[in-house]
Amino acid sequence: MSDINIPYKKLKGSAFLSSNRLYMGPDHLLSITGNFFSEEYLRFYYRDIQAIITRKTIKGKVLNICLSAGLILFLTFAVLLSGAWSIFFVILSAVFFVPLLINFLKGPTSISHIQTPIQTFRLSAIHRMKNAIKAVTQLKTLIEQTQGVLTDDLIERLRDRENSDASYKNLLKIIKHENGLFHLIVFSLLTFHTLFIGVDIFFQDLMLTLISNVIVAAIAILLIIALIRQKDSDLNKIIKGLAWSIIGYLCLIIIFSNILSFFVTIQNQEIVNNQLELIKRMSAISPLSNPWLLGISVFSLVFSLFTGITGIVLTLKFRKGYNLMQEEQRPVEKGFVTSGLKNE
Amino acid sequence: MIRCTNCAAILPDENINSQAFNPCPICGSLVRADVFPAANNTLSGGSSGELLLMDDESSCFYHPDKQAVTTCSYCGRFLCSLCDIDFDDQHLCPACLDSGKKKGVINKLENRRILYDNIALGLAVFPILVLLTVIFWVFAIPIALITAPAAIIVAIRYWNRPSSIIKRGRLRMILALPIAFLQIAGLFILFYSLISKISS
């Protein structure tokens with residue numbers, strides 16, 4: 001097999017521990033994808049590279065939110081409990097804290113693509129904005145040495161070609177308008193549910209527990225509808241993110257409820273087949289007498305209140321903004337089409 | 001056409017060569033596009049080759065009824081515009097391109113390599129990793145019986161085979177051999193002592 005010694009230099013910014021690595025050759029960019037036993041190579045010649053497109057993603061933020069939620073939860077338990085359990089939860093908190101710190105220090109995440117006449121290839125070795133900028137700066141020098149610099153008249157020619165080509169419109173993702181009504185109801189119910197959580201800490205009643213469960217069930221159903229409606233819609237990204245975070249919260253609540261019912265059943269084996277009695281026993285437990293329950297209640301209270309109020313404010317702002325826009329009748333710009341506008 | 005990689009909308013001038021991340025007009029994602037003159041190039045359509053009109057014109061080796069426009073840089077055969085493959089500033093025929101790739105003669109067509117040095121080192125180290133696990137340490141001995149000789153065979157058989165396209169030394173092969181030999185020596189000592197105990 002030929003082994004001509006082509007001098008390759010690692011591209012700055014490409015990830016250290018990644019199945020995909022990038023190297024700069026004399027006239028091409030080499031992408032190596034491999035496992036421990038074999039490697040596959042893709043070459044992108046500098047003369048063929050049309051563009052490098054980098055887009056910021058929310059992956060880093062989502063990871064920060066998930067790790068922060070875990071950290072807060074376990075820290076709450078560490079504070080409320082004592083002895084060995086407290087130490088255990090401190091260690092668990094550290095397990096969440098370290099990756100959170102690393103993720104925060106690495107900066108926002110991004111996704112980069114290299115565009116050639118034939119394909120648009122994702123550079124999976126680059127997934128942080130800082131690294132993407134470093135990599136693009138290096139590559140730009142080499143590409144411009146081969147192709148030259150893109151001048152204003154070349155940009156004009158590019159625009160003329162884009163405007164004359166009608167086929168691009170078929171590729172536009174259809175972005176529909178979502179009025180956020182279901183989101184508003186979900187956030188309102190969540191905020192209302194905060195009252196029940198707060199009351200439950202000090203006063204235990206079966207009827208309150210049952211109503212609270214009905215509200216949670218209603219939130220879950222309406223949330224699913226909201227999530228379906230928000231897909232590919234023009235709804236604010238933060239509102240969409242809040243909706244997803246509520247799903248995570250509901251999953252946590254379901255897990256804790258099941259763990260609690262398991263322990264109650266173990267302690268009261270005579271009520272194994274009696275669901276109503278189980279709910280009565282569970283609703284009678286005071287969070288003040290049990291640090292675990294108190295921790296979960298405090299977490300639920302804070303989360304519901306914060307998410308509910310933030311969601312309501314943002315959704316109302318979004319709806320108001322859209323109504324204002326409709327009143328002003330903003331003209332549709334050439335080439336940027338949105339469809340599926342709904343009349344409220 | 002330079003598009004947003006999220007919603008495929010054509011990016012406006014603010015996003016092109018601006019050195020900054022600006023929102024996409026459709027999806028709002030922060031996008032930065034560094035565009036080069038090749039963006040104006042279009043893919044040239046292939047040619048099916050011109051028919052041979054005169055008897056004194058050269059014909060393509062693969063299409064006797066088509067006019068030859070060039071010769072293959074490797075085998076010298078006449079090629080029509082359909083058969084001509086313009087690669088790396090050379091003209092190749094399909095057969096030379098195919099054989100060049102299979103035999104590894106055309107370095108730039110190589111798109112896969114097996115890393116025998118990694119395989120040798122992996123085989124040598126694997127029993128040690130199994131030994132370090134608390135639960136499965138007992139399996140390390142039968143595993144070493146297979147992997148240690150296999151590591152030696154791979155290291156010797158593929159010693160001269162190039163590893164990664166990114167030049168690296170033979171360190172992995174060199175490390176694999178003594179590790180594997182030590183394991184074999186250890187196994188030999190173990191079996192010898194077992195046999196001695198049984199016979200006494």
# chains A, B, ... in the order shown; residues from 1 in each chain; ligands from 1
call {"tool": "residues_around", "arguments": {"residues": "Ile155 (chain A)", "least_positions_apart": "2", "cutoff": "10 Å", "atoms": "only C-alpha atoms", "output": "ChimeraX atom specification"}}
result
/A:150-153,157-161 /B:13,16,35-37,39-40
call {"tool": "write_last_selection", "arguments": {"atoms": "all heavy atoms", "output": "compact mmCIF listing (two decimals), in the first residue's frame"}}
result
# COMPACT_ATOMS: atom_id res chain seq x y z
N LEU A 150 -13.36 36.35 -1.55
CA LEU A 150 -14.68 36.61 -2.14
C LEU A 150 -14.90 38.12 -2.18
O LEU A 150 -14.98 38.78 -1.15
CB LEU A 150 -15.76 35.94 -1.29
CG LEU A 150 -17.16 35.94 -1.87
CD1 LEU A 150 -17.26 35.02 -3.06
CD2 LEU A 150 -18.18 35.55 -0.82
N THR A 151 -14.97 38.66 -3.38
CA THR A 151 -15.14 40.12 -3.52
C THR A 151 -16.62 40.46 -3.60
O THR A 151 -17.48 39.59 -3.73
CB THR A 151 -14.44 40.60 -4.81
OG1 THR A 151 -14.96 39.83 -5.91
CG2 THR A 151 -12.94 40.41 -4.71
N ASP A 152 -16.92 41.75 -3.58
CA ASP A 152 -18.31 42.21 -3.58
C ASP A 152 -19.03 41.82 -4.85
O ASP A 152 -20.21 41.44 -4.83
CB ASP A 152 -18.37 43.73 -3.40
CG ASP A 152 -18.02 44.12 -1.98
OD1 ASP A 152 -18.13 43.25 -1.08
OD2 ASP A 152 -17.61 45.28 -1.76
N ASP A 153 -18.34 41.90 -5.98
CA ASP A 153 -19.05 41.57 -7.23
C ASP A 153 -19.32 40.07 -7.33
O ASP A 153 -20.31 39.65 -7.92
CB ASP A 153 -18.30 42.08 -8.47
CG ASP A 153 -16.97 41.44 -8.64
OD1 ASP A 153 -16.04 41.81 -7.91
OD2 ASP A 153 -16.83 40.57 -9.53
N ARG A 157 -23.01 38.30 -7.82
CA ARG A 157 -23.31 37.21 -8.77
C ARG A 157 -23.96 36.04 -8.05
O ARG A 157 -24.88 35.40 -8.54
CB ARG A 157 -22.02 36.72 -9.44
CG ARG A 157 -21.67 37.53 -10.68
CD ARG A 157 -20.33 37.21 -11.26
NE ARG A 157 -20.10 35.78 -11.43
CZ ARG A 157 -18.91 35.27 -11.65
NH1 ARG A 157 -17.85 36.04 -11.73
NH2 ARG A 157 -18.74 33.98 -11.80
N LEU A 158 -23.51 35.79 -6.84
CA LEU A 158 -24.10 34.70 -6.03
C LEU A 158 -25.56 35.01 -5.73
O LEU A 158 -26.42 34.15 -5.84
CB LEU A 158 -23.29 34.56 -4.74
CG LEU A 158 -23.62 33.40 -3.82
CD1 LEU A 158 -23.26 32.09 -4.49
CD2 LEU A 158 -22.84 33.51 -2.52
N ARG A 159 -25.84 36.24 -5.36
CA ARG A 159 -27.22 36.66 -5.04
C ARG A 159 -28.11 36.56 -6.26
O ARG A 159 -29.26 36.14 -6.19
CB ARG A 159 -27.23 38.11 -4.53
CG ARG A 159 -26.72 38.28 -3.13
CD ARG A 159 -27.74 37.82 -2.12
NE ARG A 159 -27.18 37.72 -0.80
CZ ARG A 159 -27.21 36.62 -0.06
NH1 ARG A 159 -27.76 35.53 -0.50
NH2 ARG A 159 -26.69 36.62 1.14
N ASP A 160 -27.56 36.97 -7.42
CA ASP A 160 -28.35 36.91 -8.65
C ASP A 160 -28.74 35.47 -8.97
O ASP A 160 -29.88 35.21 -9.36
CB ASP A 160 -27.55 37.49 -9.83
CG ASP A 160 -27.38 38.99 -9.72
OD1 ASP A 160 -28.20 39.61 -9.00
OD2 ASP A 160 -26.45 39.55 -10.33
N ARG A 161 -27.82 34.58 -8.73
CA ARG A 161 -28.12 33.16 -8.99
C ARG A 161 -29.17 32.65 -8.03
O ARG A 161 -30.07 31.93 -8.39
CB ARG A 161 -26.85 32.32 -8.84
CG ARG A 161 -26.16 32.07 -10.14
CD ARG A 161 -25.01 31.11 -10.05
NE ARG A 161 -25.32 29.90 -9.36
CZ ARG A 161 -24.53 29.34 -8.45
NH1 ARG A 161 -23.40 29.90 -8.11
NH2 ARG A 161 -24.87 28.21 -7.86
N ASP B 13 -27.08 38.85 3.51
CA ASP B 13 -25.70 39.37 3.49
C ASP B 13 -25.09 39.54 4.88
O ASP B 13 -23.88 39.41 5.06
CB ASP B 13 -25.65 40.72 2.76
CG ASP B 13 -25.88 40.54 1.26
OD1 ASP B 13 -25.75 39.40 0.79
OD2 ASP B 13 -26.19 41.54 0.58
N ILE B 16 -23.06 36.60 5.94
CA ILE B 16 -21.99 36.11 5.06
C ILE B 16 -20.73 36.93 5.25
O ILE B 16 -20.75 38.15 5.09
CB ILE B 16 -22.47 36.13 3.60
CG1 ILE B 16 -23.55 35.06 3.45
CG2 ILE B 16 -21.32 35.90 2.63
CD1 ILE B 16 -24.09 34.91 2.08
N VAL B 35 -17.80 32.39 3.32
CA VAL B 35 -18.03 31.97 1.93
C VAL B 35 -16.80 32.27 1.09
O VAL B 35 -16.11 33.28 1.31
CB VAL B 35 -19.27 32.70 1.36
CG1 VAL B 35 -19.59 32.22 -0.04
CG2 VAL B 35 -20.47 32.46 2.26
N PHE B 36 -16.55 31.41 0.12
CA PHE B 36 -15.36 31.54 -0.73
C PHE B 36 -15.78 31.61 -2.19
O PHE B 36 -16.91 31.25 -2.54
CB PHE B 36 -14.42 30.36 -0.47
CG PHE B 36 -14.11 30.19 0.99
CD1 PHE B 36 -14.70 29.19 1.74
CD2 PHE B 36 -13.25 31.06 1.64
CE1 PHE B 36 -14.45 29.05 3.09
CE2 PHE B 36 -13.00 30.92 3.00
CZ PHE B 36 -13.60 29.92 3.72
N PRO B 37 -14.88 32.05 -3.09
CA PRO B 37 -15.24 32.22 -4.50
C PRO B 37 -15.79 30.95 -5.15
O PRO B 37 -16.55 31.03 -6.11
CB PRO B 37 -13.92 32.65 -5.14
CG PRO B 37 -13.18 33.35 -4.06
CD PRO B 37 -13.53 32.62 -2.80
N ALA B 39 -18.10 29.25 -4.29
CA ALA B 39 -19.57 29.24 -4.17
C ALA B 39 -20.23 29.65 -5.48
O ALA B 39 -21.38 29.31 -5.73
CB ALA B 39 -20.01 30.17 -3.04
N ASN B 40 -19.48 30.38 -6.32
CA ASN B 40 -20.04 30.81 -7.60
C ASN B 40 -19.86 29.76 -8.68
O ASN B 40 -20.42 29.88 -9.76
CB ASN B 40 -19.35 32.10 -8.07
CG ASN B 40 -20.10 33.31 -7.57
OD1 ASN B 40 -21.30 33.40 -7.73
ND2 ASN B 40 -19.39 34.22 -6.93
call {"tool": "closest_atom_pairs", "arguments": {"of": "chain B", "to": "chain A", "cutoff": "6 Å", "atoms": "only C-alpha atoms", "output": "JSON lines"}}
result
{"residue": "B:Cys7", "atom": "CA", "partner": "A:Lys173", "partner_atom": "CA", "distance": 5.3}
{"residue": "B:Ala8", "atom": "CA", "partner": "A:Leu172", "partner_atom": "CA", "distance": 5.5}
{"residue": "B:Ala9", "atom": "CA", "partner": "A:Leu172", "partner_atom": "CA", "distance": 5.6}
{"residue": "B:Leu30", "atom": "CA", "partner": "A:Lys56", "partner_atom": "CA", "distance": 5.4}
{"residue": "B:Val31", "atom": "CA", "partner": "A:Arg55", "partner_atom": "CA", "distance": 4.3}
{"residue": "B:Arg32", "atom": "CA", "partner": "A:Thr54", "partner_atom": "CA", "distance": 5.2}
{"residue": "B:Ala33", "atom": "CA", "partner": "A:Ile53", "partner_atom": "CA", "distance": 4.4}
{"residue": "B:Asp34", "atom": "CA", "partner": "A:Ile52", "partner_atom": "CA", "distance": 5.2}
{"residue": "B:Val35", "atom": "CA", "partner": "A:Ala51", "partner_atom": "CA", "distance": 4.2}
{"residue": "B:Phe36", "atom": "CA", "partner": "A:Gln50", "partner_atom": "CA", "distance": 5.3}
{"residue": "B:Pro37", "atom": "CA", "partner": "A:Leu150", "partner_atom": "CA", "distance": 5.0}
{"residue": "B:Ala38", "atom": "CA", "partner": "A:Gln50", "partner_atom": "CA", "distance": 4.8}
{"residue": "B:Ala39", "atom": "CA", "partner": "A:Gln50", "partner_atom": "CA", "distance": 4.3}
{"residue": "B:Asn40", "atom": "CA", "partner": "A:Leu158", "partner_atom": "CA", "distance": 5.8}
{"residue": "B:Gly104", "atom": "CA", "partner": "A:Met1", "partner_atom": "CA", "distance": 4.8}
{"residue": "B:Val105", "atom": "CA", "partner": "A:Ser2", "partner_atom": "CA", "distance": 5.7}
{"residue": "B:Asn107", "atom": "CA", "partner": "A:Ser2", "partner_atom": "CA", "distance": 6.0}
{"residue": "B:Asn111", "atom": "CA", "partner": "A:Tyr41", "partner_atom": "CA", "distance": 4.5}
{"residue": "B:Arg112", "atom": "CA", "partner": "A:Glu40", "partner_atom": "CA", "distance": 4.4}
{"residue": "B:Arg113", "atom": "CA", "partner": "A:Glu39", "partner_atom": "CA", "distance": 5.4}
{"residue": "B:Ile114", "atom": "CA", "partner": "A:Ser38", "partner_atom": "CA", "distance": 4.2}
{"residue": "B:Leu115", "atom": "CA", "partner": "A:Ser38", "partner_atom": "CA", "distance": 5.1}
{"residue": "B:Ile119", "atom": "CA", "partner": "A:Phe37", "partner_atom": "CA", "distance": 6.0}
call {"tool": "select_by_dssp", "arguments": {"residues": "region 85-196 of chain A", "states": "alpha helix (DSSP H)", "output": "NGL selection string"}}
result
:A and (85-106 or 129-147 or 152-164 or 181-196)
call {"tool": "atom_distance", "arguments": {"atom1": "CA of Phe44 (chain A)", "atom2": "CA of Arg128 (chain A)"}}
result
21.3 Å
call {"tool": "residues_around", "arguments": {"residues": "Leu316 (chain A)", "least_positions_apart": "4", "cutoff": "12 Å", "atoms": "only C-alpha atoms", "output": "list of chain:residue names"}}
result
A:Asn179, A:Gly180, A:Leu181, A:Phe182, A:His183, A:Leu184, A:Ile185, A:Phe187, A:Ser188, A:Leu235, A:Asn236, A:Ile239, A:Ile309, A:Thr310, A:Gly311, A:Ile312, A:Lys320, A:Gly321, A:Tyr322, A:Asn323
call {"tool": "write_last_selection", "arguments": {"atoms": "N, CA, C and O atoms", "output": "PDB file, in the first residue's frame"}}
result
ATOM      1  N   ASN A 179     -50.006  30.116  18.466  1.00  0.00           N
ATOM      2  CA  ASN A 179     -50.446  31.229  19.311  1.00  0.00           C
ATOM      3  C   ASN A 179     -50.104  31.054  20.783  1.00  0.00           C
ATOM      4  O   ASN A 179     -50.267  31.965  21.570  1.00  0.00           O
ATOM      5  N   GLY A 180     -49.643  29.858  21.166  1.00  0.00           N
ATOM      6  CA  GLY A 180     -49.180  29.645  22.539  1.00  0.00           C
ATOM      7  C   GLY A 180     -50.290  29.492  23.565  1.00  0.00           C
ATOM      8  O   GLY A 180     -50.037  29.574  24.770  1.00  0.00           O
ATOM      9  N   LEU A 181     -51.500  29.210  23.100  1.00  0.00           N
ATOM     10  CA  LEU A 181     -52.633  29.120  24.040  1.00  0.00           C
ATOM     11  C   LEU A 181     -52.461  27.939  24.997  1.00  0.00           C
ATOM     12  O   LEU A 181     -52.621  28.076  26.217  1.00  0.00           O
ATOM     13  N   PHE A 182     -52.115  26.799  24.449  1.00  0.00           N
ATOM     14  CA  PHE A 182     -51.939  25.612  25.293  1.00  0.00           C
ATOM     15  C   PHE A 182     -50.776  25.797  26.252  1.00  0.00           C
ATOM     16  O   PHE A 182     -50.833  25.345  27.400  1.00  0.00           O
ATOM     17  N   HIS A 183     -49.745  26.478  25.788  1.00  0.00           N
ATOM     18  CA  HIS A 183     -48.601  26.744  26.669  1.00  0.00           C
ATOM     19  C   HIS A 183     -49.031  27.629  27.825  1.00  0.00           C
ATOM     20  O   HIS A 183     -48.647  27.402  28.978  1.00  0.00           O
ATOM     21  N   LEU A 184     -49.842  28.618  27.511  1.00  0.00           N
ATOM     22  CA  LEU A 184     -50.320  29.544  28.542  1.00  0.00           C
ATOM     23  C   LEU A 184     -51.135  28.796  29.599  1.00  0.00           C
ATOM     24  O   LEU A 184     -50.965  29.013  30.809  1.00  0.00           O
ATOM     25  N   ILE A 185     -51.987  27.885  29.132  1.00  0.00           N
ATOM     26  CA  ILE A 185     -52.820  27.110  30.078  1.00  0.00           C
ATOM     27  C   ILE A 185     -51.928  26.220  30.950  1.00  0.00           C
ATOM     28  O   ILE A 185     -52.111  26.125  32.167  1.00  0.00           O
ATOM     29  N   PHE A 187     -48.727  26.652  31.751  1.00  0.00           N
ATOM     30  CA  PHE A 187     -47.954  27.454  32.710  1.00  0.00           C
ATOM     31  C   PHE A 187     -48.869  27.964  33.833  1.00  0.00           C
ATOM     32  O   PHE A 187     -48.459  28.016  34.999  1.00  0.00           O
ATOM     33  N   SER A 188     -50.103  28.313  33.474  1.00  0.00           N
ATOM     34  CA  SER A 188     -51.049  28.811  34.484  1.00  0.00           C
ATOM     35  C   SER A 188     -51.394  27.701  35.473  1.00  0.00           C
ATOM     36  O   SER A 188     -51.410  27.927  36.690  1.00  0.00           O
ATOM     37  N   LEU A 235     -42.780  29.865  17.736  1.00  0.00           N
ATOM     38  CA  LEU A 235     -42.834  30.164  19.169  1.00  0.00           C
ATOM     39  C   LEU A 235     -41.428  30.424  19.692  1.00  0.00           C
ATOM     40  O   LEU A 235     -40.462  29.802  19.239  1.00  0.00           O
ATOM     41  N   ASN A 236     -41.354  31.333  20.641  1.00  0.00           N
ATOM     42  CA  ASN A 236     -40.095  31.699  21.276  1.00  0.00           C
ATOM     43  C   ASN A 236     -39.336  30.460  21.778  1.00  0.00           C
ATOM     44  O   ASN A 236     -39.936  29.558  22.378  1.00  0.00           O
ATOM     45  N   ILE A 239     -39.692  29.582  25.485  1.00  0.00           N
ATOM     46  CA  ILE A 239     -40.990  28.974  25.822  1.00  0.00           C
ATOM     47  C   ILE A 239     -40.952  27.493  25.471  1.00  0.00           C
ATOM     48  O   ILE A 239     -41.406  26.640  26.246  1.00  0.00           O
ATOM     49  N   ILE A 309     -44.418  31.107  36.273  1.00  0.00           N
ATOM     50  CA  ILE A 309     -44.494  32.572  36.112  1.00  0.00           C
ATOM     51  C   ILE A 309     -43.690  33.023  34.895  1.00  0.00           C
ATOM     52  O   ILE A 309     -44.150  33.828  34.093  1.00  0.00           O
ATOM     53  N   THR A 310     -42.486  32.459  34.748  1.00  0.00           N
ATOM     54  CA  THR A 310     -41.662  32.816  33.573  1.00  0.00           C
ATOM     55  C   THR A 310     -42.402  32.481  32.285  1.00  0.00           C
ATOM     56  O   THR A 310     -42.434  33.281  31.337  1.00  0.00           O
ATOM     57  N   GLY A 311     -43.004  31.293  32.265  1.00  0.00           N
ATOM     58  CA  GLY A 311     -43.738  30.857  31.077  1.00  0.00           C
ATOM     59  C   GLY A 311     -44.903  31.759  30.750  1.00  0.00           C
ATOM     60  O   GLY A 311     -45.119  32.126  29.589  1.00  0.00           O
ATOM     61  N   ILE A 312     -45.637  32.142  31.778  1.00  0.00           N
ATOM     62  CA  ILE A 312     -46.808  33.020  31.556  1.00  0.00           C
ATOM     63  C   ILE A 312     -46.352  34.361  30.990  1.00  0.00           C
ATOM     64  O   ILE A 312     -46.897  34.854  29.996  1.00  0.00           O
ATOM     65  N   LYS A 320     -48.568  39.108  22.517  1.00  0.00           N
ATOM     66  CA  LYS A 320     -48.757  40.567  22.328  1.00  0.00           C
ATOM     67  C   LYS A 320     -47.927  41.036  21.138  1.00  0.00           C
ATOM     68  O   LYS A 320     -48.396  41.803  20.296  1.00  0.00           O
ATOM     69  N   GLY A 321     -46.686  40.558  21.094  1.00  0.00           N
ATOM     70  CA  GLY A 321     -45.781  40.933  20.001  1.00  0.00           C
ATOM     71  C   GLY A 321     -46.343  40.527  18.655  1.00  0.00           C
ATOM     72  O   GLY A 321     -46.302  41.276  17.683  1.00  0.00           O
ATOM     73  N   TYR A 322     -46.906  39.331  18.593  1.00  0.00           N
ATOM     74  CA  TYR A 322     -47.460  38.827  17.330  1.00  0.00           C
ATOM     75  C   TYR A 322     -48.682  39.641  16.920  1.00  0.00           C
ATOM     76  O   TYR A 322     -48.859  39.982  15.747  1.00  0.00           O
ATOM     77  N   ASN A 323     -49.524  39.965  17.887  1.00  0.00           N
ATOM     78  CA  ASN A 323     -50.716  40.761  17.575  1.00  0.00           C
ATOM     79  C   ASN A 323     -50.342  42.145  17.052  1.00  0.00           C
ATOM     80  O   ASN A 323     -50.951  42.650  16.107  1.00  0.00           O
TER      81      ASN A 323
END
call {"tool": "residues_around", "arguments": {"residues": "Pro178 (chain B)", "least_positions_apart": "6", "cutoff": "12 Å", "atoms": "only C-alpha atoms", "output": "list in words"}}
result
Ala120, Leu121, Ala124, Val125, Ala148, Pro149, Ala151, Ile152, Ala155, Leu171, Arg172, Ile184, Ala185 and Gly186 of chain B
call {"tool": "write_last_selection", "arguments": {"atoms": "N, CA and C atoms", "output": "PDB file, in the first residue's frame"}}
result
ATOM      1  N   ALA B 120      -2.842  -5.053  17.542  1.00  0.00           N
ATOM      2  CA  ALA B 120      -1.820  -5.807  18.269  1.00  0.00           C
ATOM      3  C   ALA B 120      -1.754  -5.354  19.724  1.00  0.00           C
ATOM      4  N   LEU B 121      -1.733  -4.046  19.922  1.00  0.00           N
ATOM      5  CA  LEU B 121      -1.657  -3.520  21.293  1.00  0.00           C
ATOM      6  C   LEU B 121      -2.913  -3.860  22.073  1.00  0.00           C
ATOM      7  N   ALA B 124      -2.830  -7.414  23.183  1.00  0.00           N
ATOM      8  CA  ALA B 124      -1.855  -7.624  24.265  1.00  0.00           C
ATOM      9  C   ALA B 124      -2.379  -7.097  25.604  1.00  0.00           C
ATOM     10  N   VAL B 125      -3.074  -5.991  25.566  1.00  0.00           N
ATOM     11  CA  VAL B 125      -3.489  -5.309  26.804  1.00  0.00           C
ATOM     12  C   VAL B 125      -4.814  -5.850  27.354  1.00  0.00           C
ATOM     13  N   ALA B 148      -2.596 -13.361  23.672  1.00  0.00           N
ATOM     14  CA  ALA B 148      -1.144 -13.100  23.689  1.00  0.00           C
ATOM     15  C   ALA B 148      -0.472 -13.627  22.406  1.00  0.00           C
ATOM     16  N   PRO B 149      -0.686 -14.901  22.033  1.00  0.00           N
ATOM     17  CA  PRO B 149      -0.102 -15.345  20.752  1.00  0.00           C
ATOM     18  C   PRO B 149      -0.646 -14.567  19.559  1.00  0.00           C
ATOM     19  N   ALA B 151      -1.569 -11.463  19.495  1.00  0.00           N
ATOM     20  CA  ALA B 151      -0.915 -10.150  19.448  1.00  0.00           C
ATOM     21  C   ALA B 151       0.462 -10.273  18.792  1.00  0.00           C
ATOM     22  N   ILE B 152       1.191 -11.338  19.125  1.00  0.00           N
ATOM     23  CA  ILE B 152       2.537 -11.541  18.545  1.00  0.00           C
ATOM     24  C   ILE B 152       2.421 -11.786  17.040  1.00  0.00           C
ATOM     25  N   ALA B 155       1.504  -8.538  15.285  1.00  0.00           N
ATOM     26  CA  ALA B 155       2.607  -7.568  15.312  1.00  0.00           C
ATOM     27  C   ALA B 155       3.678  -7.955  14.291  1.00  0.00           C
ATOM     28  N   LEU B 171       5.461   2.486  17.782  1.00  0.00           N
ATOM     29  CA  LEU B 171       5.467   2.346  19.240  1.00  0.00           C
ATOM     30  C   LEU B 171       4.462   1.297  19.719  1.00  0.00           C
ATOM     31  N   ARG B 172       3.288   1.316  19.118  1.00  0.00           N
ATOM     32  CA  ARG B 172       2.246   0.375  19.556  1.00  0.00           C
ATOM     33  C   ARG B 172       2.663  -1.056  19.299  1.00  0.00           C
ATOM     34  N   ILE B 184       2.816 -14.658  27.954  1.00  0.00           N
ATOM     35  CA  ILE B 184       3.078 -16.068  27.608  1.00  0.00           C
ATOM     36  C   ILE B 184       4.020 -16.678  28.649  1.00  0.00           C
ATOM     37  N   ALA B 185       5.051 -15.918  29.027  1.00  0.00           N
ATOM     38  CA  ALA B 185       5.993 -16.412  30.050  1.00  0.00           C
ATOM     39  C   ALA B 185       5.259 -16.655  31.366  1.00  0.00           C
ATOM     40  N   GLY B 186       4.392 -15.734  31.721  1.00  0.00           N
ATOM     41  CA  GLY B 186       3.611 -15.878  32.955  1.00  0.00           C
ATOM     42  C   GLY B 186       2.725 -17.103  32.918  1.00  0.00           C
TER      43      GLY B 186
END
call {"tool": "residues_around", "arguments": {"residues": "Ala135 (chain A)", "least_positions_apart": "6", "cutoff": "7 Å", "atoms": "only C-alpha atoms", "output": "number ranges by chain"}}
result
A: 11-13
call {"tool": "write_last_selection", "arguments": {"atoms": "N, CA, C and O atoms", "output": "mmCIF file, in the first residue's frame"}}
result
data_model
loop_
_atom_site.group_PDB
_atom_site.id
_atom_site.type_symbol
_atom_site.label_atom_id
_atom_site.label_comp_id
_atom_site.auth_asym_id
_atom_site.auth_seq_id
_atom_site.Cartn_x
_atom_site.Cartn_y
_atom_site.Cartn_z
ATOM 1 N N LEU A 11 -5.990 20.246 12.891
ATOM 2 C CA LEU A 11 -6.728 21.506 12.834
ATOM 3 C C LEU A 11 -7.020 21.970 14.250
ATOM 4 O O LEU A 11 -7.558 21.226 15.050
ATOM 5 N N LYS A 12 -6.640 23.192 14.544
ATOM 6 C CA LYS A 12 -6.889 23.740 15.895
ATOM 7 C C LYS A 12 -8.384 23.806 16.118
ATOM 8 O O LYS A 12 -9.132 24.249 15.237
ATOM 9 N N GLY A 13 -8.795 23.371 17.299
ATOM 10 C CA GLY A 13 -10.228 23.457 17.600
ATOM 11 C C GLY A 13 -10.939 22.132 17.433
ATOM 12 O O GLY A 13 -12.066 21.973 17.897
#
call {"tool": "residues_around", "arguments": {"residues": "region 90-97 of chain B", "least_positions_apart": "3", "cutoff": "9 Å", "atoms": "only C-alpha atoms", "output": "list in words"}}
result
Thr70, Thr71, Cys72, Ser73, Tyr74, Cys75, Gly76, Arg77, Phe78, Leu79, Cys83, Asp84, Ile85, Asp86, Phe87, Gly100, Lys101, Lys102, Ile106 and Leu109 of chain B
call {"tool": "residues_around", "arguments": {"residues": "Ala94 (chain A)", "least_positions_apart": "5", "cutoff": "9 Å", "atoms": "only C-alpha atoms", "output": "list in words"}}
result
Leu71, Phe89 and Pro99 of chain A
call {"tool": "write_last_selection", "arguments": {"atoms": "all heavy atoms", "output": "mmCIF file, in the first residue's frame"}}
result
data_model
loop_
_atom_site.group_PDB
_atom_site.id
_atom_site.type_symbol
_atom_site.label_atom_id
_atom_site.label_comp_id
_atom_site.auth_asym_id
_atom_site.auth_seq_id
_atom_site.Cartn_x
_atom_site.Cartn_y
_atom_site.Cartn_z
ATOM 1 N N LEU A 71 -27.857 19.032 40.371
ATOM 2 C CA LEU A 71 -27.022 19.580 41.448
ATOM 3 C C LEU A 71 -27.889 20.174 42.551
ATOM 4 O O LEU A 71 -27.676 19.913 43.744
ATOM 5 C CB LEU A 71 -26.091 20.647 40.856
ATOM 6 C CG LEU A 71 -25.152 21.363 41.810
ATOM 7 C CD1 LEU A 71 -24.121 20.393 42.343
ATOM 8 C CD2 LEU A 71 -24.456 22.518 41.102
ATOM 9 N N PHE A 89 -25.017 12.440 49.372
ATOM 10 C CA PHE A 89 -25.590 13.404 48.428
ATOM 11 C C PHE A 89 -24.619 14.523 48.072
ATOM 12 O O PHE A 89 -24.694 15.097 46.985
ATOM 13 C CB PHE A 89 -26.915 13.958 48.963
ATOM 14 C CG PHE A 89 -28.066 13.025 48.763
ATOM 15 C CD1 PHE A 89 -28.664 12.400 49.838
ATOM 16 C CD2 PHE A 89 -28.520 12.735 47.490
ATOM 17 C CE1 PHE A 89 -29.710 11.501 49.646
ATOM 18 C CE2 PHE A 89 -29.555 11.851 47.280
ATOM 19 C CZ PHE A 89 -30.147 11.217 48.363
ATOM 20 N N PRO A 99 -18.866 18.135 35.826
ATOM 21 C CA PRO A 99 -19.187 18.308 34.400
ATOM 22 C C PRO A 99 -19.887 19.630 34.107
ATOM 23 O O PRO A 99 -19.716 20.195 33.025
ATOM 24 C CB PRO A 99 -20.101 17.123 34.069
ATOM 25 C CG PRO A 99 -20.399 16.457 35.330
ATOM 26 C CD PRO A 99 -19.514 16.936 36.380
#
